[in-house]
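A.B. asks: Below are the structure tokens for one structure; questions will follow.
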2 protein chains.
Amino acid sequence: MNQKDLLRPVADAALSAPLQDFNTADAVEYLNTLELTRAADTLAALPLPRAVKMLEQPELARSGELVAALPEARAAALLGLMADDRATDIVHELDEDERARLIPLLSADARRAIQQLLSYPAHTAGALMTTEFVSVPSTWTVGRTLQHIREVERTRETVYAIYVLDPHSQALQQVVTMRRLITGLPEESILEVAQVNAPVSVHPLLDQEEVARLIRRHDLLAIPVVDDAQHVLGIVTVDDVLDALIEESTEDAHKFGGMEALDKPYMQIGFFEMLRKRAGWLSVLFLGEMLTASAMQHYEEELARAVVLTLFIPLIMSSGGNSGSQATSLLIRSLALRELRLRDWWRVALRELPTGMTLGAILGVLAMIRIVSWQLLGLHDYGEHWQLLALTIGAALVGIVTFGSLSGSMLPFVLKRLGFDPASASAPFVATLVDVTGLVIYFSIAAMILSGTLL
Amino acid sequence: MNQKDLLRPVADAALSAPLQDFNTADAVEYLNTLELTRAADTLAALPLPRAVKMLEQPELARSGELVAALPEARAAALLGLMADDRATDIVHELDEDERARLIPLLSADARRAIQQLLSYPAHTAGALMTTEFVSVPSTWTVGRTLQHIREVERTRETVYAIYVLDPHSQALQQVVTMRRLITGLPEESILEVAQVNAPVSVHPLLDQEEVARLIRRHDLLAIPVVDDAQHVLGIVTVDDVLDALIEESTEDAHKFGGMEALDKPYMQIGFFEMLRKRAGWLSVLFLGEMLTASAMQHYEEELARAVVLTLFIPLIMSSGGNSGSQATSLLIRSLALRELRLRDWWRVALRELPTGMTLGAILGVLAMIRIVSWQLLGLHDYGEHWQLLALTIGAALVGIVTFGSLSGSMLPFVLKRLGFDPASASAPFVATLVDVTGLVIYFSIAAMILSGTLL
């Protein structure tokens, strides 16, 4: 098939008719609703530039499967014309066989770019970057640079940041924004319109969350990714960062909910994959929570003597878990946003101690009001020692909520210190941690206050 | 004080010396570490353009307090020179007195822009937008537009999207990107280089999360905010959206942790404000959880007869809460990302039912293994009916985990249907919901299996 054939739609144009009036985003949504072979046929029936645009949208579902279902030559043509970072994303989704089939059909340039991008681990600047940026030697003028941009514009992901390289070492020297470029005089040197500060750049292995933080911190539209010799390997653009941030938010939400993060939309994930992502943590938490049964067994005698104590176990334990969950969610975000560093743990502990004690006192008073009023109103009989019981529950709540707030706030620090992502501290994780200790606190306080009477 | 005086630093230059070598982001971080009056003095000692740049960073803490602490004339000069959306953010933080003092000192233009922006509710496109954009009549040529941009560039937040207005009605007609503009010929009409599709625009009252979704969906650098007559009121830029998204992520994380969202960094919030944000939800959850005490009271006789049943209450209840928390975090994100709509609730329910049953079965088997092995290894004596007890616990887990998954997944839909933010469904909220029902399920199953033996 020659180049001309490739540019002509290969299938029935009737298939692509419904897409005629849609903008790209709507067309992608329409394609997502179609059954796979029909979606692939529709994609094949579209003019090549349109199909490229649609494949470049991260919102397009099953993009790997779609490309694999296309005629080989067309699939290769599409991959070659796409932005190389998105083409790499799609190649990532192909299996070994499909890669071996398609990659040799690409042009040498596209093949090299994709293979380089494939080599970086997921969630790093390298995996997120595109190699399609504008760079010029520092000896050029504003006019020559503008002329160059006009020529290469179509093949660059962004032209709003221009990377000025040392003509000898090819190292990154300065960054010029398009704003500054168009206000410059054509005969001025490109360096004269460059920004004054040293350019902000990142290493290809930097985590994408860090990249997002830097782009945001310096209000950039793109950030250059450089190797140790300051050679520009690629750039990460703000829209890739936006996508990465949303993806991270989703992952963090899933993790905080106590499961492994899903990497696909809810309805697209298979039953067994869903099960695997949820059963793992659920079982780990369950095994941890089994310690509560052991703790309860330890106090079985006390429980038999004072059944009334069991009535408040769920109430007391959940309060510890809830206060812990609050503190953990607070600290996970503060650490992620760099509002706090690892060394600030003691300042947090010093805040959580009085906060937890006050919160515990509030709940303790609520619980005592409940016991006293139920008793006096005759709604339930808590036995002859009901005043002591109320005191026990109140005191236990102060202890457990304080403990919950403290351990919930310290957990993200501990995880970070151990080299884990603080976001792995989930609400269920904290609750499990607090439950076992909560029981011990409860029964110890009960033993102190009630021994000789109820116990 | 005349304009010239305002442009000269008003305080000792020595104060600003440490900032000389810092880029804006680092200078902001340094200022954040200073005590308030010292930070205000430092800000006052900086050259005006530098001070403006720093005030424009959302990372600058206490920006309202800083502006209030500056000499009045300088504060007004800074507000007047700042991007109007950021100036509005700062005015938002001032109290009535401070506003009354500063706003009359602003130029008529700045005053009008700020007062207009102040009138939009927080978290809407209107509150997020800037009025500093580039617009040209559709009768202009590419060359004239470029010349206009060169002249106004310094006072515009972005020049990369140019809004083309109908010369008569002033309504938004097209959007031209800078990319297309610089590749066009100077004598071409601006409409010839405009994009083909109708411009994507938003209403000023649209929620910022929706704005972010549209910017991301259409890969825009800015989105125009228009009124009903299609007049452009302002634009929302991608960096404002990035900031808004991070803010929303933090708020959602706090809410999912079971508290009111903090609007300041952890260490900057006062003790009583922190208490208020946490005590509210904690007390509501506590009152809800009190129903567990009522449920337990209802089963007090059974508990007295079979103390062994109480041993597993924490284990069983937490499993329901954990599976519910997983399902809720999954569905909150899917609804936020529009992967699912309200009408999809039954498809989700049909997925959660078998998923929950399988997860419950896994935990049930784990629990039965534990009971049987502890009994056979002589680690604990669960009484003569230990086989029936194991069966009860296993069956209860299937029931409770299924119920947890189902109700956890339906809760975000219910909240959305009732007009609440699905993100208000927190892990503790779900746990509380599941705990009470979980107890009823547990005791009902126990009554069925154990009546005549243990009960």
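If you're wondering about the labels, chains in the structure tokens are A, B, ... by order shown, residues count from 1 in each chain, ligands from 1 in order shown.
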Running DSSP on the backbone, which parts of stretch 38-231 of chain B land in helix (DSSP H, G or I), as a ChimeraX atom specification?
C.D. replies: /B:38-45,48-55,63-69,72-81,84-93,96-105,108-118,125-128,142-155,178-183,190-193,208-217
A.B. asks: So how many Å separate atom CA of B:Ala83 and atom CA of B:Ile215, to one decimal?
C.D. replies: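 Computing the Euclidean distance for atom CA of B:Ala83 and atom CA of B:Ile215 yields 20.5 Å.
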A.B. asks: Rounded to one decimal, what separation in Å do you get between atom CA of A:Thr124 and atom CA of A:Val211?
C.D. replies: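 Distance between the two atoms: 8.3 Å.
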A.B. asks: Compare B:Thr145, B:Thr392, B:Gln375, B:Gln116 by their minimum atom-to-atom distance to B:Leu309, counting only C-alpha atoms, and give me the closest one.
C.D. replies: B:Thr392
A.B. asks: Could you tell me which of B:Gly324, B:Ala212, B:Arg217, B:Leu146 comes closest to A:Asp26 if we count only C-alpha atoms?
C.D. replies: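 Nearest candidate to A:Asp26 out of B:Gly324, B:Ala212, B:Arg217, B:Leu146: B:Arg217.
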A.B. asks: Show which residues sit within 6 Å of A:Ser405, as a PyMOL selection string. Count only C-alpha atoms, and ignore same-chain residues fewer than 2 positions away.
C.D. replies: chain A and resi 323-324+327+356+402-403+407-408
A.B. asks: For the residues in the current selection, export all heavy atoms as a compact mmCIF listing (two decimals), in the first residue's frame.
C.D. replies:
# COMPACT_ATOMS: atom_id res chain seq x y z
N SER A 323 -11.96 9.25 64.18
CA SER A 323 -11.04 10.34 64.46
C SER A 323 -9.69 10.06 63.79
O SER A 323 -9.03 10.96 63.29
CB SER A 323 -10.89 10.56 65.96
OG SER A 323 -10.46 9.38 66.58
N GLY A 324 -9.31 8.78 63.74
CA GLY A 324 -8.07 8.42 63.05
C GLY A 324 -8.16 8.70 61.57
O GLY A 324 -7.22 9.23 60.96
N ALA A 327 -7.71 12.43 60.87
CA ALA A 327 -6.32 12.87 61.00
C ALA A 327 -5.48 12.38 59.84
O ALA A 327 -4.66 13.11 59.28
CB ALA A 327 -5.75 12.40 62.33
N GLY A 356 -7.23 15.88 69.85
CA GLY A 356 -7.83 14.57 70.10
C GLY A 356 -8.50 14.53 71.46
O GLY A 356 -9.61 13.99 71.62
N THR A 402 -8.24 10.31 71.46
CA THR A 402 -6.89 10.87 71.49
C THR A 402 -5.92 9.93 70.78
O THR A 402 -5.12 10.34 69.93
CB THR A 402 -6.43 11.09 72.95
OG1 THR A 402 -7.42 11.87 73.61
CG2 THR A 402 -5.10 11.81 72.99
N PHE A 403 -6.02 8.65 71.14
CA PHE A 403 -5.14 7.67 70.52
C PHE A 403 -5.39 7.60 69.01
O PHE A 403 -4.45 7.55 68.21
CB PHE A 403 -5.33 6.29 71.14
CG PHE A 403 -4.47 5.24 70.52
CD1 PHE A 403 -3.13 5.15 70.85
CD2 PHE A 403 -4.99 4.36 69.58
CE1 PHE A 403 -2.32 4.19 70.25
CE2 PHE A 403 -4.19 3.40 68.97
CZ PHE A 403 -2.85 3.33 69.32
N SER A 407 -2.46 8.43 66.37
CA SER A 407 -1.90 7.41 65.50
C SER A 407 -2.31 7.65 64.06
O SER A 407 -1.53 7.41 63.14
CB SER A 407 -2.27 6.00 65.96
OG SER A 407 -3.63 5.92 66.25
N GLY A 408 -3.53 8.19 63.84
CA GLY A 408 -3.95 8.52 62.48
C GLY A 408 -3.06 9.58 61.86
O GLY A 408 -2.78 9.56 60.66
A.B. asks: Out of B:Leu60, B:Leu94, B:Ala446, B:Ala77, which residue has the shortest atom-to-atom distance to chain A when counting only C-alpha atoms?
C.D. replies: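 The shortest atom-to-atom distance to chain A comes from B:Leu60.
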A.B. asks: Go through A:Leu353, A:Leu48, A:Met368, A:Leu105 and flag the residue nearest A:Gly394, using only C-alpha atoms for the distances.
C.D. replies: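 The shortest atom-to-atom distance to A:Gly394 comes from A:Met368.
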A.B. asks: Considering only C-alpha atoms, can you say which of A:Ala69, A:Leu78, A:Ala108, A:Leu340 comes closest to A:Pro47?
C.D. replies: A:Leu78
